[in-house]
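A.B. asks: Hey, dropping data_11.pdb in here, PDB, C-alpha atoms and all ligand atoms:
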```
ATOM      1  CA  MET K   1     -19.800 -50.485  45.380
ATOM      2  CA  PHE K   2     -19.773 -52.537  42.206
ATOM      3  CA  VAL K   3     -17.734 -52.034  39.092
ATOM      4  CA  LEU K   4     -19.599 -53.126  35.996
ATOM      5  CA  ASN K   5     -18.428 -53.518  32.418
ATOM      6  CA  VAL K   6     -21.262 -52.018  30.352
ATOM      7  CA  ASN K   7     -20.893 -51.752  26.589
ATOM      8  CA  GLY K   8     -17.138 -51.866  26.975
ATOM      9  CA  GLU K   9     -16.990 -49.107  29.584
ATOM     10  CA  SER K  10     -16.266 -49.446  33.273
ATOM     11  CA  LYS K  11     -19.059 -48.113  35.490
ATOM     12  CA  SER K  12     -18.915 -47.798  39.283
ATOM     13  CA  VAL K  13     -22.272 -47.964  41.017
ATOM     14  CA  GLU K  14     -23.334 -47.657  44.655
ATOM     15  CA  VAL K  15     -26.342 -49.943  44.846
ATOM     16  CA  PRO K  16     -27.642 -52.823  46.975
ATOM     17  CA  ASP K  17     -26.389 -56.321  46.035
ATOM     18  CA  ASP K  18     -29.841 -57.510  45.110
ATOM     19  CA  MET K  19     -30.928 -54.582  42.969
ATOM     20  CA  PRO K  20     -31.991 -55.985  39.589
ATOM     21  CA  LEU K  21     -29.518 -55.171  36.860
ATOM     22  CA  LEU K  22     -32.344 -53.533  34.874
ATOM     23  CA  TRP K  23     -32.720 -50.750  37.432
ATOM     24  CA  VAL K  24     -28.990 -50.234  37.682
ATOM     25  CA  LEU K  25     -28.796 -49.826  33.921
ATOM     26  CA  ARG K  26     -31.819 -47.560  33.622
ATOM     27  CA  ASP K  27     -31.935 -45.524  36.819
ATOM     28  CA  VAL K  28     -28.333 -45.433  37.966
ATOM     29  CA  ILE K  29     -26.330 -45.528  34.728
ATOM     30  CA  GLY K  30     -29.006 -43.864  32.604
ATOM     31  CA  LEU K  31     -29.208 -46.391  29.768
ATOM     32  CA  THR K  32     -32.962 -46.371  29.224
ATOM     33  CA  GLY K  33     -33.024 -48.350  25.980
ATOM     34  CA  THR K  34     -33.622 -51.544  27.948
ATOM     35  CA  LYS K  35     -37.297 -51.702  28.885
ATOM     36  CA  PHE K  36     -39.306 -52.864  31.870
ATOM     37  CA  GLY K  37     -42.296 -54.991  30.984
ATOM     38  CA  CYS K  38     -43.376 -57.657  33.452
ATOM     39  CA  GLY K  39     -40.582 -57.708  36.035
ATOM     40  CA  ILE K  40     -40.879 -61.486  36.402
ATOM     41  CA  ALA K  41     -38.836 -62.846  33.481
ATOM     42  CA  GLN K  42     -41.888 -63.494  31.334
ATOM     43  CA  CYS K  43     -41.886 -60.895  28.531
ATOM     44  CA  GLY K  44     -38.281 -60.376  27.412
ATOM     45  CA  ALA K  45     -38.481 -56.560  27.245
ATOM     46  CA  CYS K  46     -35.526 -56.238  29.634
ATOM     47  CA  THR K  47     -33.178 -58.582  27.733
ATOM     48  CA  VAL K  48     -29.477 -57.719  27.762
ATOM     49  CA  HIS K  49     -26.360 -59.809  27.128
ATOM     50  CA  LEU K  50     -24.070 -61.151  29.803
ATOM     51  CA  ASP K  51     -20.906 -62.424  28.124
ATOM     52  CA  GLY K  52     -22.961 -62.684  24.939
ATOM     53  CA  ALA K  53     -25.844 -64.694  26.390
ATOM     54  CA  ALA K  54     -29.346 -63.217  26.523
ATOM     55  CA  VAL K  55     -30.515 -62.705  30.127
ATOM     56  CA  ARG K  56     -33.554 -61.107  31.741
ATOM     57  CA  SER K  57     -32.153 -58.126  33.590
ATOM     58  CA  CYS K  58     -35.356 -57.577  35.597
ATOM     59  CA  VAL K  59     -34.619 -60.633  37.730
ATOM     60  CA  LEU K  60     -30.809 -60.649  37.670
ATOM     61  CA  PRO K  61     -29.231 -59.235  40.831
ATOM     62  CA  VAL K  62     -26.534 -56.734  39.964
ATOM     63  CA  ALA K  63     -23.975 -58.714  41.978
ATOM     64  CA  ALA K  64     -24.324 -61.569  39.453
ATOM     65  CA  ALA K  65     -23.197 -59.299  36.614
ATOM     66  CA  VAL K  66     -19.881 -58.269  38.162
ATOM     67  CA  GLY K  67     -16.913 -59.462  36.109
ATOM     68  CA  LYS K  68     -19.032 -60.141  33.020
ATOM     69  CA  ALA K  69     -19.390 -58.154  29.822
ATOM     70  CA  ILE K  70     -22.812 -56.507  29.898
ATOM     71  CA  THR K  71     -24.171 -55.402  26.527
ATOM     72  CA  THR K  72     -27.351 -53.366  26.159
ATOM     73  CA  ILE K  73     -29.314 -52.202  23.141
ATOM     74  CA  GLU K  74     -27.213 -49.043  23.190
ATOM     75  CA  GLY K  75     -24.048 -51.071  22.615
ATOM     76  CA  VAL K  76     -25.133 -54.083  20.583
ATOM     77  CA  GLY K  77     -24.699 -52.268  17.259
ATOM     78  CA  ALA K  78     -20.954 -52.174  17.891
ATOM     79  CA  THR K  79     -20.833 -55.928  17.361
ATOM     80  CA  ALA K  80     -20.804 -57.342  13.827
ATOM     81  CA  VAL K  81     -23.883 -59.497  14.414
ATOM     82  CA  GLY K  82     -25.770 -56.774  16.270
ATOM     83  CA  LYS K  83     -25.124 -54.349  13.441
ATOM     84  CA  LYS K  84     -26.544 -56.785  10.883
ATOM     85  CA  VAL K  85     -29.586 -57.435  13.047
ATOM     86  CA  GLN K  86     -30.299 -53.745  13.522
ATOM     87  CA  GLN K  87     -29.949 -53.096   9.781
ATOM     88  CA  ALA K  88     -32.366 -55.932   8.994
ATOM     89  CA  TRP K  89     -34.831 -54.493  11.531
ATOM     90  CA  LEU K  90     -34.678 -51.175   9.706
ATOM     91  CA  ASP K  91     -34.885 -52.676   6.219
ATOM     92  CA  ILE K  92     -37.942 -54.748   7.047
ATOM     93  CA  GLU K  93     -39.541 -52.066   9.209
ATOM     94  CA  VAL K  94     -40.174 -54.541  12.000
ATOM     95  CA  VAL K  95     -41.137 -52.058  14.673
ATOM     96  CA  GLN K  96     -44.678 -51.024  15.502
ATOM     97  CA  CYS K  97     -44.962 -49.387  18.932
ATOM     98  CA  GLY K  98     -41.357 -50.419  19.530
ATOM     99  CA  TYR K  99     -41.607 -51.187  23.228
ATOM    100  CA  CYS K 100     -40.571 -54.821  22.990
ATOM    101  CA  GLN K 101     -38.017 -54.287  20.249
ATOM    102  CA  PRO K 102     -34.817 -53.689  22.232
ATOM    103  CA  GLY K 103     -35.379 -57.044  23.902
ATOM    104  CA  GLN K 104     -36.255 -58.691  20.600
ATOM    105  CA  ILE K 105     -33.055 -57.402  19.004
ATOM    106  CA  MET K 106     -30.951 -58.564  21.940
ATOM    107  CA  SER K 107     -32.447 -62.068  21.816
ATOM    108  CA  ALA K 108     -32.056 -62.237  18.029
ATOM    109  CA  THR K 109     -28.433 -61.122  18.221
ATOM    110  CA  ALA K 110     -27.594 -63.685  20.898
ATOM    111  CA  LEU K 111     -29.229 -66.361  18.761
ATOM    112  CA  LEU K 112     -27.278 -65.468  15.608
ATOM    113  CA  ALA K 113     -23.999 -65.126  17.474
ATOM    114  CA  ALA K 114     -24.399 -68.709  18.705
ATOM    115  CA  THR K 115     -26.233 -70.133  15.663
ATOM    116  CA  PRO K 116     -25.408 -68.156  12.514
ATOM    117  CA  GLU K 117     -28.021 -69.840  10.308
ATOM    118  CA  PRO K 118     -30.876 -70.919  12.549
ATOM    119  CA  SER K 119     -33.808 -73.013  11.358
ATOM    120  CA  ASP K 120     -37.349 -71.752  11.818
ATOM    121  CA  ALA K 121     -37.662 -74.013  14.853
ATOM    122  CA  GLU K 122     -34.474 -72.630  16.376
ATOM    123  CA  ILE K 123     -35.693 -69.081  15.809
ATOM    124  CA  ASP K 124     -39.006 -69.912  17.448
ATOM    125  CA  VAL K 125     -37.323 -71.437  20.490
ATOM    126  CA  ALA K 126     -34.840 -68.576  20.904
ATOM    127  CA  MET K 127     -37.504 -65.891  20.515
ATOM    128  CA  ALA K 128     -40.296 -67.596  22.446
ATOM    129  CA  GLY K 129     -39.599 -65.594  25.594
ATOM    130  CA  ASN K 130     -40.004 -62.224  23.886
ATOM    131  CA  ILE K 131     -43.591 -61.067  23.833
ATOM    132  CA  CYS K 132     -44.818 -58.433  21.352
ATOM    133  CA  ARG K 133     -48.243 -56.989  22.018
ATOM    134  CA  CYS K 134     -48.281 -55.511  18.506
ATOM    135  CA  GLY K 135     -47.795 -58.920  16.901
ATOM    136  CA  THR K 136     -44.670 -58.214  14.847
ATOM    137  CA  TYR K 137     -43.590 -61.848  14.974
ATOM    138  CA  VAL K 138     -43.677 -62.458  11.213
ATOM    139  CA  ARG K 139     -41.424 -59.514  10.505
ATOM    140  CA  ILE K 140     -39.124 -60.387  13.404
ATOM    141  CA  ARG K 141     -38.571 -63.804  11.902
ATOM    142  CA  ASP K 142     -37.978 -62.302   8.453
ATOM    143  CA  ALA K 143     -35.456 -59.846   9.883
ATOM    144  CA  ILE K 144     -33.593 -62.641  11.640
ATOM    145  CA  LYS K 145     -33.464 -64.591   8.391
ATOM    146  CA  GLN K 146     -32.209 -61.561   6.484
ATOM    147  CA  ALA K 147     -29.517 -60.920   9.079
ATOM    148  CA  ALA K 148     -28.516 -64.594   8.937
ATOM    149  CA  THR K 149     -28.500 -65.107   5.181
ATOM    150  CA  GLY K 150     -27.816 -61.646   3.818
ATOM    151  CA  LYS K 151     -30.753 -62.127   1.426
ATOM    152  CA  LYS K 152     -32.793 -58.961   1.444
ATOM    153  CA  LEU K 153     -36.491 -58.895   2.028
ATOM    154  CA  VAL K 154     -38.435 -55.772   1.170
ATOM    155  CA  PRO K 155     -41.771 -54.655   2.582
ATOM    156  CA  GLN K 156     -44.674 -55.409   0.311
ATOM    157  CA  THR K 157     -46.429 -52.313  -1.029
ATOM    158  CA  LEU K 158     -49.410 -51.718   1.153
ATOM    159  CA  PRO K 159     -52.828 -51.442  -0.490
ATOM    160  CA  ASN K 160     -54.469 -48.006  -0.565
ATOM    161  CA  GLU K 161     -57.567 -49.318   1.106
ATOM    162  CA  ALA K 162     -57.749 -50.728   4.579
ATOM    163  CA  PRO K 163     -57.023 -54.450   4.482
ATOM    164  CA  ALA K 164     -59.734 -56.946   5.241
ATOM    165  CA  SER K 165     -57.569 -58.497   7.912
ATOM    166  CA  THR K 166     -54.359 -57.748   9.737
ATOM    167  CA  ALA K 167     -52.745 -60.681   7.975
ATOM    168  CA  ALA K 168     -53.034 -58.799   4.686
ATOM    169  CA  VAL K 169     -50.481 -56.214   5.791
ATOM    170  CA  LEU K 170     -48.048 -58.512   7.513
ATOM    171  CA  PRO K 171     -46.465 -60.560   4.707
ATOM    172  CA  PHE K 172     -43.367 -59.388   2.960
ATOM    173  CA  VAL K 173     -42.306 -60.494  -0.472
ATOM    174  CA  ARG K 174     -38.976 -62.138  -0.872
ATOM    175  CA  VAL K 175     -36.943 -60.466  -3.628
ATOM    176  CA  GLU K 176     -34.038 -62.582  -4.719
ATOM    177  CA  GLY K 177     -30.941 -60.778  -5.882
ATOM    178  CA  VAL K 178     -31.801 -57.397  -4.425
ATOM    179  CA  ALA K 179     -28.628 -55.981  -2.956
TER
HETATM  180  S1  LIG Y 201     -39.374 -57.094  32.233
HETATM  181 FE1  LIG Y 201     -37.941 -58.673  32.352
HETATM  182  S2  LIG Y 201     -38.839 -60.329  31.301
HETATM  183 FE2  LIG Y 201     -40.419 -58.811  31.389
HETATM  184  S1  LIG Y 202     -43.698 -53.556  18.641
HETATM  185 FE1  LIG Y 202     -45.214 -53.023  20.089
HETATM  186  S2  LIG Y 202     -44.923 -54.464  21.696
HETATM  187 FE2  LIG Y 202     -43.707 -55.194  20.096
END
```
I need this file expressed as structure tokens, please.

C.D. replies:
Amino acid sequence: MFVLNVNGESKSVEVPDDMPLLWVLRDVIGLTGTKFGCGIAQCGACTVHLDGAAVRSCVLPVAAAVGKAITTIEGVGATAVGKKVQQAWLDIEVVQCGYCQPGQIMSATALLAATPEPSDAEIDVAMAGNICRCGTYVRIRDAIKQAATGKKLVPQTLPNEAPASTAAVLPFVRVEGVA
């Protein structure tokens, strides 16, 4: 039996030592916000925090998480940084299908907790392991910048007609001084 600290709560689980933490969280504890994508640490969908650091729970044996603070997408909003990141995600309407987004938010929160005002290059490095099949990368970066700086970005009004290219609907205008 293992005792895990998940989102500030103590959870006892009867599982094999080598069961990936992802399956313990989803199937045993019932926290299904963390997603399974590739299962081989390549897509970032399963990202959770272990003592604040972003880890890929699909390849992390549960035994390695004992004694550490595990935070999932269900609990990250209780942290000051996680709350700001989630609000920015909502304000900028980052999500498309949403499947990758719990992992994106966890990676972004870990980045901002360690580096409160990251450069574009630092954002790119920190987020490089999170794949989005919908291509929300531009808005993800904008949301991270909003969470970091507090400067609000608002979605650009979409044209009535279908855009000539996807790029036409992706940009957001920066509005200085909007509270
Ligand atoms: S499911 Fe873990 S990195 Fe893809
Ligand atoms: S929002 Fe669809 S995979 Fe990222």

A.B. asks: Using the chain letters and numbering of this document, enumerate as a PyMOL selection string the residues selected by the PyMOL selection byres (((not hetatm)) within 7 of (chain Y and resi 202)).

C.D. replies: chain K and resi 95-101+131-136

A.B. asks: Taking only C-alpha atoms and all ligand atoms and a cut-off of 10 Å, can you tell me which residues surround ligand LIG 201 (chain Y), written as a VMD selection string?

C.D. replies: chain K and resid 20 22 34 to 48 55 to 60 100 103 129 to 131

A.B. asks: I'd like the neighbourhood of K:Ala78 as a PDB file with C-alpha atoms, in the coordinates of the input, where a residue qualifies if any of its atoms comes within 10 Å (using only C-alpha atoms), though same-chain residues fewer than 5 positions away should be ignored.

C.D. replies:
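Dumped everything to result.pdb:
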```
ATOM      1  CA  ASN K   7     -20.893 -51.752  26.589  1.00  0.00           C
ATOM      2  CA  GLY K   8     -17.138 -51.866  26.975  1.00  0.00           C
ATOM      3  CA  THR K  71     -24.171 -55.402  26.527  1.00  0.00           C
ATOM      4  CA  ILE K  73     -29.314 -52.202  23.141  1.00  0.00           C
ATOM      5  CA  LYS K  83     -25.124 -54.349  13.441  1.00  0.00           C
TER       6      LYS K  83
END
```

A.B. asks: Could you tell me which of K:Asn5, K:Thr149, K:Gln86, K:Thr32 comes closest to K:Pro116 if we count only C-alpha atoms?

C.D. replies: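 Selected residue with least distance to K:Pro116: K:Thr149.
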
A.B. asks: Identify, on the basis of only C-alpha atoms, every residue whose closest approach to K:Gly82 does not exceed 10 Å; exclude the query and any residue fewer than 3 positions from it along the same chain; express the result as a CSV table (one decimal) with C-alpha atoms, keeping the file's coordinate frame.

C.D. replies:
```
chain,number,residue,atom,x,y,z
K,73,ILE,CA,-29.3,-52.2,23.1
K,75,GLY,CA,-24.0,-51.1,22.6
K,76,VAL,CA,-25.1,-54.1,20.6
K,77,GLY,CA,-24.7,-52.3,17.3
K,78,ALA,CA,-21.0,-52.2,17.9
K,79,THR,CA,-20.8,-55.9,17.4
K,85,VAL,CA,-29.6,-57.4,13.0
K,86,GLN,CA,-30.3,-53.7,13.5
K,87,GLN,CA,-29.9,-53.1,9.8
K,88,ALA,CA,-32.4,-55.9,9.0
K,105,ILE,CA,-33.1,-57.4,19.0
K,106,MET,CA,-31.0,-58.6,21.9
K,108,ALA,CA,-32.1,-62.2,18.0
K,109,THR,CA,-28.4,-61.1,18.2
K,110,ALA,CA,-27.6,-63.7,20.9
K,112,LEU,CA,-27.3,-65.5,15.6
K,113,ALA,CA,-24.0,-65.1,17.5
K,147,ALA,CA,-29.5,-60.9,9.1
```

A.B. asks: Given the block above, output stretch 76-95 of chain K with N, CA, C and O atoms as a CSV table (one decimal), in the first residue's frame.

C.D. replies:
```
chain,number,residue,atom,x,y,z
K,76,VAL,N,-4.6,22.5,-9.1
K,76,VAL,CA,-3.6,23.6,-9.3
K,76,VAL,C,-4.2,25.0,-9.1
K,76,VAL,O,-3.5,25.9,-8.8
K,77,GLY,N,-5.5,25.1,-9.3
K,77,GLY,CA,-6.2,26.4,-9.1
K,77,GLY,C,-6.1,26.9,-7.7
K,77,GLY,O,-6.4,28.1,-7.4
K,78,ALA,N,-5.8,26.0,-6.7
K,78,ALA,CA,-5.7,26.4,-5.3
K,78,ALA,C,-4.3,27.2,-5.1
K,78,ALA,O,-4.2,27.7,-4.0
K,79,THR,N,-3.4,27.1,-6.0
K,79,THR,CA,-2.2,27.9,-5.9
K,79,THR,C,-2.3,29.2,-6.6
K,79,THR,O,-3.1,29.4,-7.5
K,80,ALA,N,-1.6,30.2,-6.1
K,80,ALA,CA,-1.7,31.6,-6.6
K,80,ALA,C,-1.4,31.6,-8.1
K,80,ALA,O,-2.1,32.2,-8.9
K,81,VAL,N,-0.3,31.0,-8.4
K,81,VAL,CA,0.1,31.0,-9.9
K,81,VAL,C,-0.9,30.2,-10.7
K,81,VAL,O,-1.3,30.7,-11.8
K,82,GLY,N,-1.3,29.0,-10.2
K,82,GLY,CA,-2.2,28.2,-11.0
K,82,GLY,C,-3.5,28.9,-11.2
K,82,GLY,O,-4.1,28.9,-12.3
K,83,LYS,N,-4.0,29.7,-10.3
K,83,LYS,CA,-5.2,30.5,-10.4
K,83,LYS,C,-5.1,31.5,-11.5
K,83,LYS,O,-6.0,31.7,-12.3
K,84,LYS,N,-3.9,32.2,-11.5
K,84,LYS,CA,-3.7,33.2,-12.5
K,84,LYS,C,-3.6,32.6,-13.9
K,84,LYS,O,-4.2,33.1,-14.9
K,85,VAL,N,-3.0,31.4,-14.0
K,85,VAL,CA,-2.9,30.8,-15.3
K,85,VAL,C,-4.3,30.3,-15.8
K,85,VAL,O,-4.6,30.6,-16.9
K,86,GLN,N,-5.0,29.8,-14.9
K,86,GLN,CA,-6.4,29.3,-15.3
K,86,GLN,C,-7.2,30.5,-15.8
K,86,GLN,O,-8.0,30.4,-16.8
K,87,GLN,N,-7.1,31.6,-15.1
K,87,GLN,CA,-7.9,32.8,-15.4
K,87,GLN,C,-7.5,33.3,-16.8
K,87,GLN,O,-8.3,33.7,-17.6
K,88,ALA,N,-6.2,33.3,-17.1
K,88,ALA,CA,-5.7,33.8,-18.4
K,88,ALA,C,-6.2,32.9,-19.5
K,88,ALA,O,-6.5,33.3,-20.6
K,89,TRP,N,-6.2,31.6,-19.2
K,89,TRP,CA,-6.7,30.6,-20.2
K,89,TRP,C,-8.2,30.9,-20.5
K,89,TRP,O,-8.5,30.8,-21.7
K,90,LEU,N,-8.9,31.2,-19.5
K,90,LEU,CA,-10.3,31.6,-19.8
K,90,LEU,C,-10.5,32.9,-20.5
K,90,LEU,O,-11.2,33.0,-21.5
K,91,ASP,N,-9.7,33.9,-20.1
K,91,ASP,CA,-9.8,35.2,-20.7
K,91,ASP,C,-9.5,35.2,-22.2
K,91,ASP,O,-10.1,35.8,-23.0
K,92,ILE,N,-8.5,34.4,-22.5
K,92,ILE,CA,-8.0,34.4,-23.9
K,92,ILE,C,-8.6,33.3,-24.7
K,92,ILE,O,-8.4,33.2,-25.9
K,93,GLU,N,-9.5,32.5,-24.0
K,93,GLU,CA,-10.2,31.4,-24.7
K,93,GLU,C,-9.2,30.5,-25.5
K,93,GLU,O,-9.3,30.3,-26.7
K,94,VAL,N,-8.2,30.0,-24.7
K,94,VAL,CA,-7.2,29.2,-25.3
K,94,VAL,C,-7.7,27.9,-25.9
K,94,VAL,O,-7.3,27.5,-27.0
K,95,VAL,N,-8.6,27.3,-25.2
K,95,VAL,CA,-8.9,25.9,-25.5
K,95,VAL,C,-9.7,25.7,-26.8
K,95,VAL,O,-10.6,26.4,-27.1
```
